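S.K.: For reference, the structure I am asking about is given below.
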Amino acid sequence: MAYVYLTTAELAERIKYDARTIRERLKDSVLLEGIHYIRPFGGRKILYLWEPIERDMKLYSAEESLGVPMARGGVCHG
């Protein structure tokens, strides 16, 4: 699978977060090394992997949405 690699500034622009918030609050709590970002060649530079980040944003967004769980696995939204 070919990944889209993003710097912190590029990721911040895509997800509409401040780069500082990504570095200080999301990295290592929500965005995990080896899953959401890598350090190429073991260096200090961080490259974020867009596809896993996008997948997990959608996944957690769906889990947090308001709704009433139904007996057969569906959700009633109102």
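Residue numbering restarts at 1 for every chain of the structure tokens, chains are lettered A, B, ... in their displayed order, and ligands are numbered from 1 as they appear.
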When you look at Arg39 (chain A) with a cut-off of 12 Å (counting only C-alpha atoms), what residues show up, excluding the ones that are within fewer than 4 positions of it in the same chain? I need them as a ChimeraX atom specification.
M.R.: /A:5-7,32-35,43-49
S.K.: Which residues in region 5-50 of chain A does DSSP call strand (DSSP E or B)? List them as a list in words.
M.R.: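 Selection result, strand (DSSP E or B) within region 5-50 of chain A: Tyr5, Leu6, Lys27, Leu31, Glu33, Tyr37, Ile38, Leu47, Tyr48 and Leu49 of chain A.
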S.K.: Hey, can you spit out that residue selection with all heavy atoms as a short mmCIF file (atom, residue, chain, number, x, y, z; two decimals), in the first residue's frame?
M.R.:
```cif
data_model
loop_
_atom_site.label_atom_id
_atom_site.label_comp_id
_atom_site.auth_asym_id
_atom_site.auth_seq_id
_atom_site.Cartn_x
_atom_site.Cartn_y
_atom_site.Cartn_z
N TYR A 5 2.63 10.70 2.85
CA TYR A 5 3.40 11.16 4.00
C TYR A 5 3.24 12.66 4.13
O TYR A 5 3.36 13.39 3.15
CB TYR A 5 4.88 10.82 3.83
CG TYR A 5 5.13 9.33 3.75
CD1 TYR A 5 5.33 8.71 2.53
CD2 TYR A 5 5.19 8.56 4.90
CE1 TYR A 5 5.56 7.35 2.45
CE2 TYR A 5 5.41 7.19 4.84
CZ TYR A 5 5.60 6.60 3.60
OH TYR A 5 5.82 5.25 3.54
N LEU A 6 2.96 13.12 5.37
CA LEU A 6 2.74 14.54 5.62
C LEU A 6 3.63 15.03 6.76
O LEU A 6 3.84 14.31 7.74
CB LEU A 6 1.28 14.79 6.03
CG LEU A 6 0.20 14.32 5.06
CD1 LEU A 6 -1.17 14.41 5.74
CD2 LEU A 6 0.23 15.15 3.81
N LYS A 27 0.04 13.89 19.40
CA LYS A 27 1.13 12.94 19.19
C LYS A 27 1.37 12.15 20.47
O LYS A 27 1.46 12.69 21.55
CB LYS A 27 2.40 13.69 18.79
CG LYS A 27 3.52 12.77 18.32
CD LYS A 27 4.68 13.55 17.80
CE LYS A 27 5.82 13.76 18.71
NZ LYS A 27 6.15 12.92 19.76
N LEU A 31 -2.31 9.98 18.18
CA LEU A 31 -1.50 9.61 17.01
C LEU A 31 -0.29 8.83 17.51
O LEU A 31 0.55 9.36 18.23
CB LEU A 31 -1.07 10.86 16.24
CG LEU A 31 -2.21 11.74 15.74
CD1 LEU A 31 -1.67 13.02 15.12
CD2 LEU A 31 -3.09 10.99 14.77
N GLU A 33 3.12 6.30 17.23
CA GLU A 33 4.26 5.97 16.38
C GLU A 33 4.12 4.55 15.85
O GLU A 33 3.74 3.63 16.57
CB GLU A 33 5.57 6.12 17.16
CG GLU A 33 6.79 5.96 16.27
CD GLU A 33 8.08 6.34 16.95
OE1 GLU A 33 8.08 6.65 18.16
OE2 GLU A 33 9.11 6.34 16.26
N TYR A 37 2.32 7.69 12.55
CA TYR A 37 3.50 8.42 12.11
C TYR A 37 4.75 7.55 12.23
O TYR A 37 4.75 6.54 12.95
CB TYR A 37 3.69 9.73 12.87
CG TYR A 37 4.13 9.62 14.31
CD1 TYR A 37 5.48 9.60 14.64
CD2 TYR A 37 3.21 9.55 15.34
CE1 TYR A 37 5.90 9.51 15.95
CE2 TYR A 37 3.61 9.48 16.65
CZ TYR A 37 4.96 9.45 16.96
OH TYR A 37 5.36 9.37 18.26
N ILE A 38 5.76 7.95 11.48
CA ILE A 38 7.04 7.25 11.50
C ILE A 38 8.16 8.27 11.64
O ILE A 38 7.97 9.45 11.40
CB ILE A 38 7.27 6.40 10.23
CG1 ILE A 38 7.27 7.30 8.99
CG2 ILE A 38 6.24 5.29 10.12
CD1 ILE A 38 7.74 6.59 7.72
N LEU A 47 7.10 11.98 10.04
CA LEU A 47 6.20 12.01 8.90
C LEU A 47 4.93 11.27 9.28
O LEU A 47 4.96 10.13 9.77
CB LEU A 47 6.84 11.36 7.66
CG LEU A 47 8.01 12.11 7.05
CD1 LEU A 47 8.60 11.30 5.90
CD2 LEU A 47 7.60 13.50 6.57
N TYR A 48 3.81 11.94 9.08
CA TYR A 48 2.50 11.37 9.42
C TYR A 48 1.95 10.61 8.23
O TYR A 48 2.11 11.01 7.09
CB TYR A 48 1.54 12.47 9.86
CG TYR A 48 1.93 13.08 11.18
CD1 TYR A 48 2.77 14.19 11.23
CD2 TYR A 48 1.49 12.52 12.37
CE1 TYR A 48 3.15 14.73 12.45
CE2 TYR A 48 1.87 13.06 13.59
CZ TYR A 48 2.70 14.15 13.62
OH TYR A 48 3.09 14.68 14.83
N LEU A 49 1.28 9.49 8.50
CA LEU A 49 0.68 8.65 7.48
C LEU A 49 -0.80 9.03 7.36
O LEU A 49 -1.58 8.79 8.29
CB LEU A 49 0.83 7.17 7.84
CG LEU A 49 2.26 6.72 8.17
CD1 LEU A 49 2.27 5.33 8.75
CD2 LEU A 49 3.12 6.80 6.93
#
```
S.K.: Find the residues near Ile22 (chain A): any atom within 9 Å, counting only C-alpha atoms, skip ones fewer than 4 places away on the same chain, and give them as a PyMOL selection string.
M.R.: chain A and resi 8+11-12+17-18+26-27+31
S.K.: Could you list, as a PyMOL selection string, every residue within 12 Å of Asp56 (chain A), counting only C-alpha atoms and ignoring same-chain residues fewer than 3 positions away?
M.R.: chain A and resi 30-32+35-36+49-53+59-63
S.K.: Keeping only N, CA and C atoms, take the residues you just selected and write them out as an mmCIF file, in the first residue's frame.
M.R.:
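again-v2.cif, freshly written:
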```cif
data_model
loop_
_atom_site.group_PDB
_atom_site.id
_atom_site.type_symbol
_atom_site.label_atom_id
_atom_site.label_comp_id
_atom_site.auth_asym_id
_atom_site.auth_seq_id
_atom_site.Cartn_x
_atom_site.Cartn_y
_atom_site.Cartn_z
ATOM 1 N N VAL A 30 -3.097 10.167 20.824
ATOM 2 C CA VAL A 30 -4.065 9.760 19.808
ATOM 3 C C VAL A 30 -3.336 9.260 18.564
ATOM 4 N N LEU A 31 -2.310 9.982 18.179
ATOM 5 C CA LEU A 31 -1.503 9.610 17.010
ATOM 6 C C LEU A 31 -0.287 8.831 17.509
ATOM 7 N N LEU A 32 -0.213 7.564 17.144
ATOM 8 C CA LEU A 32 0.790 6.667 17.708
ATOM 9 C C LEU A 32 1.892 6.341 16.706
ATOM 10 N N ILE A 35 1.913 3.572 13.763
ATOM 11 C CA ILE A 35 0.561 3.463 13.214
ATOM 12 C C ILE A 35 0.213 4.729 12.447
ATOM 13 N N HIS A 36 0.333 5.869 13.101
ATOM 14 C CA HIS A 36 -0.046 7.152 12.502
ATOM 15 C C HIS A 36 1.143 7.981 12.039
ATOM 16 N N LEU A 49 1.285 9.495 8.505
ATOM 17 C CA LEU A 49 0.676 8.653 7.476
ATOM 18 C C LEU A 49 -0.798 9.028 7.362
ATOM 19 N N TRP A 50 -1.181 9.612 6.250
ATOM 20 C CA TRP A 50 -2.523 10.156 6.102
ATOM 21 C C TRP A 50 -3.610 9.093 6.182
ATOM 22 N N GLU A 51 -3.452 7.981 5.512
ATOM 23 C CA GLU A 51 -4.527 6.985 5.430
ATOM 24 C C GLU A 51 -4.958 6.447 6.799
ATOM 25 N N PRO A 52 -4.044 6.022 7.681
ATOM 26 C CA PRO A 52 -4.481 5.574 9.014
ATOM 27 C C PRO A 52 -5.105 6.690 9.851
ATOM 28 N N ILE A 53 -4.612 7.911 9.693
ATOM 29 C CA ILE A 53 -5.189 9.032 10.439
ATOM 30 C C ILE A 53 -6.614 9.292 9.978
ATOM 31 N N LEU A 59 -13.547 6.548 12.172
ATOM 32 C CA LEU A 59 -13.952 5.487 13.094
ATOM 33 C C LEU A 59 -14.389 6.060 14.433
ATOM 34 N N TYR A 60 -13.564 6.921 15.026
ATOM 35 C CA TYR A 60 -13.900 7.487 16.335
ATOM 36 C C TYR A 60 -15.048 8.471 16.242
ATOM 37 N N SER A 61 -15.191 9.132 15.123
ATOM 38 C CA SER A 61 -16.307 10.041 14.925
ATOM 39 C C SER A 61 -17.619 9.262 14.929
ATOM 40 N N ALA A 62 -17.633 8.118 14.267
ATOM 41 C CA ALA A 62 -18.836 7.287 14.216
ATOM 42 C C ALA A 62 -19.171 6.732 15.603
ATOM 43 N N GLU A 63 -18.154 6.368 16.378
ATOM 44 C CA GLU A 63 -18.386 5.824 17.717
ATOM 45 C C GLU A 63 -18.957 6.863 18.662
#
```
S.K.: In Å, with one decimal, what is the gap from CA of Met1 (chain A) to CA of Gly42 (chain A)?
M.R.: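 Taking CA of Met1 (chain A) and CA of Gly42 (chain A), their separation equals 21.3 Å.
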S.K.: To one decimal place, how far is CA of Ala2 (chain A) from CA of Asp28 (chain A) in Å?
M.R.: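 Value for the CA of Ala2 (chain A)-CA of Asp28 (chain A) distance: 23.2 Å.
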S.K.: Give the alpha helix (DSSP H) residues of chain A, as DSSP finds them on the backbone, and put them as a list in words.
M.R.: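 So the alpha helix (DSSP H) residues in chain A would be Thr8, Ala9, Glu10, Leu11, Ala12, Glu13, Arg14, Ile15, Ala19, Arg20, Thr21, Trp50, Glu51, Pro52, Ile53, Glu54, Arg55, Asp56, Met57, Lys58, Leu59, Tyr60, Ser61, Ala62, Glu63 and Glu64 of chain A.
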S.K.: Could you dump the residues just selected with N, CA, C and O atoms as a tab-separated table (two decimals), in the first residue's frame?
M.R.:
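See out20.tsv below for the written result:
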```tsv
chain	number	residue	atom	x	y	z
A	8	THR	N	4.14	17.82	9.92
A	8	THR	CA	3.20	18.31	10.92
A	8	THR	C	2.39	19.48	10.37
A	8	THR	O	1.17	19.54	10.55
A	9	ALA	N	3.04	20.40	9.67
A	9	ALA	CA	2.35	21.56	9.09
A	9	ALA	C	1.32	21.13	8.04
A	9	ALA	O	0.21	21.66	8.00
A	10	GLU	N	1.67	20.16	7.21
A	10	GLU	CA	0.73	19.68	6.19
A	10	GLU	C	-0.46	18.97	6.82
A	10	GLU	O	-1.60	19.14	6.38
A	11	LEU	N	-0.21	18.18	7.85
A	11	LEU	CA	-1.30	17.50	8.56
A	11	LEU	C	-2.21	18.53	9.22
A	11	LEU	O	-3.44	18.42	9.15
A	12	ALA	N	-1.61	19.53	9.84
A	12	ALA	CA	-2.40	20.58	10.51
A	12	ALA	C	-3.33	21.26	9.51
A	12	ALA	O	-4.49	21.54	9.82
A	13	GLU	N	-2.83	21.50	8.33
A	13	GLU	CA	-3.65	22.14	7.29
A	13	GLU	C	-4.81	21.24	6.86
A	13	GLU	O	-5.93	21.70	6.68
A	14	ARG	N	-4.55	19.94	6.76
A	14	ARG	CA	-5.59	19.01	6.32
A	14	ARG	C	-6.69	18.82	7.35
A	14	ARG	O	-7.86	18.73	6.99
A	15	ILE	N	-6.31	18.72	8.62
A	15	ILE	CA	-7.33	18.42	9.64
A	15	ILE	C	-7.78	19.66	10.41
A	15	ILE	O	-8.57	19.55	11.34
A	19	ALA	N	-0.57	23.20	14.37
A	19	ALA	CA	0.57	22.28	14.39
A	19	ALA	C	1.04	22.03	15.83
A	19	ALA	O	1.44	20.92	16.18
A	20	ARG	N	0.98	23.06	16.65
A	20	ARG	CA	1.40	22.93	18.04
A	20	ARG	C	0.50	21.95	18.79
A	20	ARG	O	0.96	21.16	19.62
A	21	THR	N	-0.80	21.98	18.52
A	21	THR	CA	-1.74	21.05	19.15
A	21	THR	C	-1.41	19.62	18.75
A	21	THR	O	-1.46	18.71	19.59
A	50	TRP	N	-1.18	9.61	6.25
A	50	TRP	CA	-2.52	10.16	6.10
A	50	TRP	C	-3.61	9.09	6.18
A	50	TRP	O	-4.63	9.28	6.86
A	51	GLU	N	-3.45	7.98	5.51
A	51	GLU	CA	-4.53	6.98	5.43
A	51	GLU	C	-4.96	6.45	6.80
A	51	GLU	O	-6.16	6.42	7.09
A	52	PRO	N	-4.04	6.02	7.68
A	52	PRO	CA	-4.48	5.57	9.01
A	52	PRO	C	-5.10	6.69	9.85
A	52	PRO	O	-6.03	6.45	10.62
A	53	ILE	N	-4.61	7.91	9.69
A	53	ILE	CA	-5.19	9.03	10.44
A	53	ILE	C	-6.61	9.29	9.98
A	53	ILE	O	-7.53	9.42	10.80
A	54	GLU	N	-6.82	9.32	8.68
A	54	GLU	CA	-8.16	9.54	8.14
A	54	GLU	C	-9.11	8.43	8.56
A	54	GLU	O	-10.24	8.69	8.99
A	55	ARG	N	-8.65	7.19	8.48
A	55	ARG	CA	-9.47	6.03	8.89
A	55	ARG	C	-9.90	6.16	10.34
A	55	ARG	O	-11.07	5.99	10.68
A	56	ASP	N	-8.94	6.46	11.23
A	56	ASP	CA	-9.26	6.52	12.65
A	56	ASP	C	-10.11	7.73	13.02
A	56	ASP	O	-10.93	7.65	13.93
A	57	MET	N	-9.95	8.84	12.31
A	57	MET	CA	-10.82	10.00	12.56
A	57	MET	C	-12.27	9.62	12.26
A	57	MET	O	-13.17	9.95	13.04
A	58	LYS	N	-12.49	8.93	11.16
A	58	LYS	CA	-13.85	8.52	10.78
A	58	LYS	C	-14.38	7.48	11.76
A	58	LYS	O	-15.54	7.53	12.16
A	59	LEU	N	-13.55	6.55	12.17
A	59	LEU	CA	-13.95	5.49	13.09
A	59	LEU	C	-14.39	6.06	14.43
A	59	LEU	O	-15.47	5.76	14.93
A	60	TYR	N	-13.56	6.92	15.03
A	60	TYR	CA	-13.90	7.49	16.34
A	60	TYR	C	-15.05	8.47	16.24
A	60	TYR	O	-15.81	8.62	17.17
A	61	SER	N	-15.19	9.13	15.12
A	61	SER	CA	-16.31	10.04	14.92
A	61	SER	C	-17.62	9.26	14.93
A	61	SER	O	-18.60	9.68	15.53
A	62	ALA	N	-17.63	8.12	14.27
A	62	ALA	CA	-18.84	7.29	14.22
A	62	ALA	C	-19.17	6.73	15.60
A	62	ALA	O	-20.33	6.64	15.97
A	63	GLU	N	-18.15	6.37	16.38
A	63	GLU	CA	-18.39	5.82	17.72
A	63	GLU	C	-18.96	6.86	18.66
A	63	GLU	O	-19.73	6.56	19.54
A	64	GLU	N	-18.58	8.11	18.49
A	64	GLU	CA	-19.00	9.17	19.39
A	64	GLU	C	-20.33	9.80	18.99
A	64	GLU	O	-20.86	10.63	19.72
```
